[in-house]
Structures are given as structure tokens and as C-alpha cells.
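Novice: This is my_file-v7.cif, which holds mmCIF, C-alpha atoms:
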data_input
loop_
_atom_site.label_atom_id
_atom_site.label_comp_id
_atom_site.auth_asym_id
_atom_site.auth_seq_id
_atom_site.Cartn_x
_atom_site.Cartn_y
_atom_site.Cartn_z
CA MET A 1 66.63 17.92 -7.89
CA ASP A 2 67.77 14.69 -6.24
CA LYS A 3 66.81 13.83 -2.66
CA ASP A 4 70.13 14.73 -1.05
CA GLU A 5 70.30 18.09 -2.83
CA PHE A 6 66.74 18.82 -1.71
CA LYS A 7 67.61 17.94 1.88
CA LYS A 8 70.57 20.31 1.72
CA LEU A 9 68.22 22.97 0.37
CA LEU A 10 65.86 22.36 3.32
CA PHE A 11 68.77 22.75 5.70
CA LYS A 12 69.79 26.00 4.02
CA VAL A 13 66.20 27.24 4.38
CA ALA A 14 66.31 26.39 8.09
CA PHE A 15 69.71 28.04 8.54
CA CYS A 16 68.75 31.22 6.70
CA THR A 17 65.46 31.39 8.59
CA MET A 18 67.35 31.13 11.89
CA ALA A 19 69.82 33.79 10.86
CA CYS A 20 67.44 36.27 9.20
CA ASP A 21 66.46 38.11 12.39
CA GLY A 22 70.03 38.84 13.42
CA HIS A 23 69.99 36.45 16.39
CA ILE A 24 70.13 32.69 16.82
CA ASP A 25 67.82 31.58 19.62
CA ASP A 26 68.64 28.28 21.36
CA ARG A 27 65.05 27.15 20.74
CA GLU A 28 65.59 27.55 16.99
CA VAL A 29 68.64 25.30 17.17
CA GLU A 30 66.65 22.81 19.27
CA GLU A 31 63.85 22.82 16.70
CA MET A 32 66.38 22.01 14.00
CA LYS A 33 67.67 19.11 16.11
CA ILE A 34 64.09 17.90 16.62
CA MET A 35 63.46 18.01 12.88
CA ASP A 36 66.69 16.06 12.34
CA LYS A 37 65.71 13.35 14.83
CA SER A 38 61.96 13.06 14.25
CA THR A 39 61.64 13.62 10.49
CA SER A 40 63.44 12.52 7.37
CA TYR A 41 63.96 16.13 6.24
CA PHE A 42 67.72 16.04 6.80
CA GLU A 43 68.20 12.26 6.75
CA SER A 44 71.59 11.13 5.40
CA ILE A 45 72.90 14.71 5.46
CA ASP A 46 75.77 15.56 7.79
CA LEU A 47 74.33 18.68 9.40
CA SER A 48 77.62 19.66 11.01
CA GLU A 49 79.33 19.56 7.63
CA GLU A 50 76.50 21.51 5.96
CA LEU A 51 76.65 24.07 8.76
CA GLU A 52 80.39 24.51 8.24
CA ILE A 53 79.84 25.05 4.51
CA LEU A 54 77.12 27.64 5.16
CA LEU A 55 79.24 29.42 7.77
CA ALA A 56 82.17 29.60 5.36
CA ASP A 57 79.84 30.92 2.65
CA LEU A 58 78.41 33.46 5.05
CA GLY A 59 81.90 34.59 6.01
CA SER A 60 82.93 35.11 2.41
CA LYS A 61 79.64 36.16 0.80
CA GLY A 62 77.61 37.68 3.65
CA ILE A 63 73.95 38.34 2.87
CA LYS A 64 74.49 36.95 -0.65
CA VAL A 65 73.98 33.48 0.91
CA ILE A 66 70.31 34.35 1.41
CA ASP A 67 70.10 35.81 -2.08
CA GLU A 68 71.49 32.52 -3.45
CA LEU A 69 68.82 30.59 -1.53
CA PHE A 70 66.06 32.67 -3.12
CA THR A 71 67.67 32.34 -6.56
CA THR A 72 67.77 28.56 -6.14
CA LEU A 73 64.12 28.48 -5.10
CA ARG A 74 63.13 30.66 -8.04
CA GLU A 75 65.12 28.64 -10.60
CA THR A 76 64.46 25.11 -9.32
CA LYS A 77 61.29 23.30 -10.25
CA LEU A 78 60.06 21.84 -6.98
CA ASN A 79 56.95 19.72 -6.72
CA ILE A 80 54.08 20.70 -4.44
CA ILE A 81 55.26 18.43 -1.60
CA GLN A 82 58.77 19.89 -1.73
CA GLU A 83 57.40 23.43 -1.68
CA LEU A 84 55.22 22.61 1.32
CA LEU A 85 58.26 21.17 3.09
CA VAL A 86 60.27 24.33 2.40
CA LEU A 87 57.50 26.42 3.92
CA GLU A 88 57.06 24.02 6.86
CA VAL A 89 60.74 24.10 7.77
CA ALA A 90 60.78 27.90 7.71
CA LEU A 91 57.59 28.12 9.79
CA ARG A 92 58.88 25.65 12.38
CA ILE A 93 62.07 27.66 12.84
CA ILE A 94 60.24 30.99 13.00
CA TYR A 95 57.75 29.74 15.57
CA ALA A 96 60.37 27.89 17.65
CA ASP A 97 61.28 30.89 19.79
CA GLU A 98 57.60 31.83 20.17
CA LYS A 99 58.12 35.28 18.68
CA TYR A 100 58.78 36.73 15.27
CA ASP A 101 60.13 40.06 14.23
CA ASP A 102 59.85 42.12 11.06
CA ASN A 103 62.93 40.50 9.49
CA GLU A 104 61.45 37.03 9.92
CA ILE A 105 58.14 38.18 8.48
CA HIS A 106 59.87 39.77 5.47
CA PHE A 107 61.98 36.64 5.01
CA LEU A 108 58.97 34.33 5.19
CA LYS A 109 56.87 36.40 2.79
CA PHE A 110 59.73 36.68 0.34
CA LEU A 111 60.33 32.94 0.62
CA ARG A 112 56.64 32.39 -0.07
CA SER A 113 56.89 34.60 -3.16
CA LYS A 114 59.45 32.20 -4.65
CA LEU A 115 57.09 29.22 -4.36
CA GLU A 116 54.31 28.33 -6.76
CA LEU A 117 51.95 27.06 -4.06
CA HIS A 118 48.36 28.22 -4.22
CA ASP A 119 46.96 29.97 -1.17
CA GLU A 120 44.32 27.28 -0.77
CA THR A 121 47.01 24.60 -0.58
CA ILE A 122 48.83 26.50 2.16
CA VAL A 123 45.64 27.02 4.14
CA ASP A 124 44.68 23.35 3.68
CA ARG A 125 48.07 22.25 5.00
CA PHE A 126 48.79 24.82 7.72
CA GLY A 127 45.54 26.65 8.36
CA VAL A 128 45.36 30.42 8.28
CA ILE A 129 48.78 31.79 9.25
CA ASP A 130 48.59 35.28 10.68
CA ILE A 131 52.11 36.26 9.59
CA LEU A 132 51.66 34.89 6.08
CA LYS A 133 49.10 36.87 4.19
CA THR A 134 49.53 35.30 0.83
CA SER A 135 48.12 36.51 -2.50
CA ASP A 136 47.75 40.25 -2.03
CA TYR A 137 51.06 40.59 -0.26
CA ILE A 138 52.96 38.39 -2.67
CA GLN A 139 51.61 40.30 -5.64
CA ASN A 140 52.65 43.60 -4.05
CA TYR A 141 56.06 42.22 -3.10
CA LYS A 142 56.80 41.20 -6.67
CA ILE A 143 55.72 44.56 -8.08
CA GLU A 144 56.95 47.07 -5.50
CA ASP A 145 60.31 45.78 -4.30
CA SER A 146 63.31 44.36 -6.06
CA ASP A 147 64.96 41.27 -4.65
CA GLU A 148 67.96 43.36 -3.61
CA LYS A 149 65.81 45.79 -1.61
CA ILE A 150 64.07 42.98 0.23
CA ILE A 151 67.28 41.08 0.97
CA ALA A 152 68.95 44.30 2.13
CA ARG A 153 66.35 44.49 4.94
CA ILE A 154 67.59 41.23 6.43
CA LYS A 155 70.20 41.51 9.15
CA LEU A 156 72.42 38.57 9.93
CA PRO A 157 73.86 37.71 13.31
CA ASP A 158 77.53 38.04 14.04
CA LEU A 159 79.49 35.20 12.45
CA GLU A 160 80.90 34.26 15.87
CA GLU A 161 77.36 33.71 17.18
CA LEU A 162 76.65 31.42 14.24
CA LYS A 163 79.83 29.44 14.84
CA GLU A 164 78.54 28.56 18.32
CA ILE A 165 75.69 26.47 16.87
CA LYS A 166 76.15 22.81 17.70
CA LEU A 167 73.86 20.39 15.87
CA LYS A 168 75.30 17.07 16.96
#
In C-alpha cells, what does this structure look like?
Specialist:
Amino acid sequence: MDKDEFKKLLFKVAFCTMACDGHIDDREVEEMKIMDKSTSYFESIDLSEELEILLADLGSKGIKVIDELFTTLRETKLNIIQELLVLEVALRIIYADEKYDDNEIHFLKFLRSKLELHDETIVDRFGVIDILKTSDYIQNYKIEDSDEKIIARIKLPDLEELKEIKLK
């Protein structure tokens, strides 16, 4: 995956993480702006354009946008640094509003299940994360629930709420 495609993937992770709890908090949008300004995660990517593409996809495909994200993560060979960045972006968005609900927890754990990172690597990078119990949960997730069942739990905000996001 080339750098620009990976940056678009990171943005899609951030967008889906913001949307997965059914509400877009202003602090989540601000965190995305901070990541844009203070990191190279989205460098050289027009976030407004990417947002328009995702909003159009969401309008036509609905929850399938999140399913496509997970399919991409499952089918794309990312290196360890890229996988850590995917997880970091999701964690930063989830923690931005200083609360997390069940949808965000399900989303994060399902996202984690699509990565090949070892638990030790996650703990080394982020420390112990109370909402991300890794091995046991991931193993159970893969066995007990189908992707469709897990994605069906996610509720998206109203498209009009999403259209109000301003990144520039």
C-alpha cells in the first residue's frame, strides 16, 4: 500500500471511529484537526475531499462503509508500524471526548481483531488499555460472532450531522 493510500486509510479509520457511536462530538473533530496539524498521518491528503467521499459513500452504502474498512484491514498486508498507527488513530478519536460507549468499544475490539499486532507490542506502545482486552477477547470475537453481527451493532449518526463536520 503506497503512502497516500495508507493516509486515506488512516483517515477512514478516524472517520469511522468518530461515527461508530452514533454521534460526532466536537472534541473528536478537534482531535482529527490536531492530528492533521501536528502529525504526518494525513499529510498531503485533502481531508475535506476525503470527507466528502466518505459522506457520499455513507449516504449510498450506509453501514457497509465500516464493513469495507474492516475488509480492507483484513485483506491488506500492513507492517507493524502501520498497524500501530491504525490503532493509535482510533484510540485518539475514542478518547477525545473523554468517554466511550459500547459501540466504540465493539468497534475498537473488532478493529483490533483485524490487525496482526501481538498483545505485547500494543502494551509496549500504549500501556495497558482498559477498553482493549486483547487476546482472550479477540479469540472469542473471531469464534462467536460473524462480521455482519458485529457491524450490525454499530449505529451511525444522522448523515446531516456528519455533513456539518468542518476540517479546514
Novice: Skip A:Cys16 itself and residues of its chain fewer than 4 positions away, then list as an mmCIF file with C-alpha atoms, keeping the file's coordinate frame all residues within 8 Å of it, counting all atoms listed in the file.
Specialist:
data_model
loop_
_atom_site.group_PDB
_atom_site.id
_atom_site.type_symbol
_atom_site.label_atom_id
_atom_site.label_comp_id
_atom_site.auth_asym_id
_atom_site.auth_seq_id
_atom_site.Cartn_x
_atom_site.Cartn_y
_atom_site.Cartn_z
ATOM 1 C CA LYS A 12 69.790 26.000 4.020
ATOM 2 C CA CYS A 20 67.440 36.270 9.200
ATOM 3 C CA ILE A 66 70.310 34.350 1.410
#
Novice: Might you pull out every residue within 9 Å of A:Glu75, with all atoms listed in the file counted and same-chain residues fewer than 4 positions away left off, and present them as a PyMOL selection string?
Specialist: chain A and resi 70-71+114
Novice: Once the PyMOL selection byres ((chain A and resi 26-43) around 8) has been applied to the shown file, what residues remain in the selection, as a list of chain:residue names?
Specialist: A:Lys7, A:Lys8, A:Leu10, A:Phe11, A:Ala14, A:Met18, A:Ile24, A:Asp25, A:Ser44, A:Ile45, A:Leu47, A:Arg92, A:Ile93, A:Ile94, A:Ala96, A:Asp97, A:Ile165, A:Lys166, A:Leu167, A:Lys168
Novice: Which residues, written as a PDB file with C-alpha atoms, in the frame of the given file, have at least one atom at most 9 Å from stretch 100-102 of chain A, with all atoms listed in the file counted and residues fewer than 4 positions away on the same chain left out?
Specialist:
ATOM      1  CA  ASP A  21      66.460  38.110  12.390  1.00  0.00           C
ATOM      2  CA  ILE A  94      60.240  30.990  13.000  1.00  0.00           C
ATOM      3  CA  TYR A  95      57.750  29.740  15.570  1.00  0.00           C
ATOM      4  CA  HIS A 106      59.870  39.770   5.470  1.00  0.00           C
ATOM      5  CA  PHE A 107      61.980  36.640   5.010  1.00  0.00           C
ATOM      6  CA  ILE A 131      52.110  36.260   9.590  1.00  0.00           C
TER       7      ILE A 131
END
Novice: Have a look at atom CA of A:Glu68 and atom CA of A:Val128 and let me know their distance in Å, one decimal.
Specialist: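 Separating atom CA of A:Glu68 from atom CA of A:Val128 is a distance of 28.7 Å.
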Novice: Could you check the closest approach to A:Phe15 for each of A:Leu73, A:Lys61, A:Val89, A:Asp46 and tell me which residue wins, using only C-alpha atoms?
Specialist: A:Val89
Novice: To one decimal place in Å, what is the distance between atom CA of A:Leu115 and atom CA of A:Glu83?
Specialist: 6.4 Å
Novice: I'd like the interatomic distance between atom CA of A:Lys109 and atom CA of A:Gly59, to a tenth of an Å.
Specialist: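 It comes out at 25.3 Å.
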Novice: Taking into account all atoms listed in the file, which residue in the set A:Leu117, A:Asp130, A:Thr17, A:Ile154 is nearest to A:Ile80?
Specialist: A:Leu117
Novice: Between A:Ile63, A:Leu87, A:Ile105, A:Ala56, which has the minimum distance to A:Thr121 (counting all atoms listed in the file)?
Specialist: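 Comparing A:Ile63, A:Leu87, A:Ile105, A:Ala56 against A:Thr121, the winner is A:Leu87.
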Novice: With distances taken over all atoms listed in the file, which residue among A:Leu55, A:Glu98, A:Leu91, A:Glu116 lies nearest A:Ile129?
Specialist: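 Closest residue, counting all atoms listed in the file: A:Leu91.
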Novice: Of the residues A:Ile122, A:Ile53, A:Leu69, A:Leu84, which is the one nearest to A:Phe110, using only C-alpha atoms?
Specialist: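 Ranking A:Ile122, A:Ile53, A:Leu69, A:Leu84 by distance to A:Phe110, first place goes to A:Leu69.
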Novice: Output requested as a PDB file, in the frame of the given file - stretch 29-40 of chain A, filled out with N, CA and C atoms.
Specialist:
ATOM      1  N   VAL A  29      67.673  26.392  17.351  1.00  0.00           N
ATOM      2  CA  VAL A  29      68.640  25.300  17.170  1.00  0.00           C
ATOM      3  C   VAL A  29      68.013  23.985  17.631  1.00  0.00           C
ATOM      4  N   GLU A  30      67.315  24.019  18.768  1.00  0.00           N
ATOM      5  CA  GLU A  30      66.650  22.810  19.270  1.00  0.00           C
ATOM      6  C   GLU A  30      65.604  22.305  18.295  1.00  0.00           C
ATOM      7  N   GLU A  31      64.862  23.228  17.681  1.00  0.00           N
ATOM      8  CA  GLU A  31      63.850  22.820  16.700  1.00  0.00           C
ATOM      9  C   GLU A  31      64.522  22.144  15.501  1.00  0.00           C
ATOM     10  N   MET A  32      65.669  22.638  15.096  1.00  0.00           N
ATOM     11  CA  MET A  32      66.380  22.010  14.000  1.00  0.00           C
ATOM     12  C   MET A  32      66.818  20.594  14.396  1.00  0.00           C
ATOM     13  N   LYS A  33      67.274  20.440  15.634  1.00  0.00           N
ATOM     14  CA  LYS A  33      67.670  19.110  16.110  1.00  0.00           C
ATOM     15  C   LYS A  33      66.455  18.170  16.160  1.00  0.00           C
ATOM     16  N   ILE A  34      65.313  18.701  16.584  1.00  0.00           N
ATOM     17  CA  ILE A  34      64.090  17.900  16.620  1.00  0.00           C
ATOM     18  C   ILE A  34      63.709  17.451  15.213  1.00  0.00           C
ATOM     19  N   MET A  35      63.773  18.371  14.266  1.00  0.00           N
ATOM     20  CA  MET A  35      63.460  18.010  12.880  1.00  0.00           C
ATOM     21  C   MET A  35      64.431  16.932  12.381  1.00  0.00           C
ATOM     22  N   ASP A  36      65.693  17.046  12.779  1.00  0.00           N
ATOM     23  CA  ASP A  36      66.690  16.060  12.340  1.00  0.00           C
ATOM     24  C   ASP A  36      66.371  14.686  12.911  1.00  0.00           C
ATOM     25  N   LYS A  37      65.956  14.633  14.177  1.00  0.00           N
ATOM     26  CA  LYS A  37      65.710  13.350  14.830  1.00  0.00           C
ATOM     27  C   LYS A  37      64.344  12.749  14.500  1.00  0.00           C
ATOM     28  N   SER A  38      63.324  13.591  14.353  1.00  0.00           N
ATOM     29  CA  SER A  38      61.960  13.060  14.250  1.00  0.00           C
ATOM     30  C   SER A  38      61.378  13.093  12.836  1.00  0.00           C
ATOM     31  N   THR A  39      62.112  13.596  11.881  1.00  0.00           N
ATOM     32  CA  THR A  39      61.640  13.620  10.490  1.00  0.00           C
ATOM     33  C   THR A  39      62.745  13.097   9.583  1.00  0.00           C
ATOM     34  N   SER A  40      62.422  12.924   8.343  1.00  0.00           N
ATOM     35  CA  SER A  40      63.440  12.520   7.370  1.00  0.00           C
ATOM     36  C   SER A  40      63.938  13.709   6.566  1.00  0.00           C
TER      37      SER A  40
END
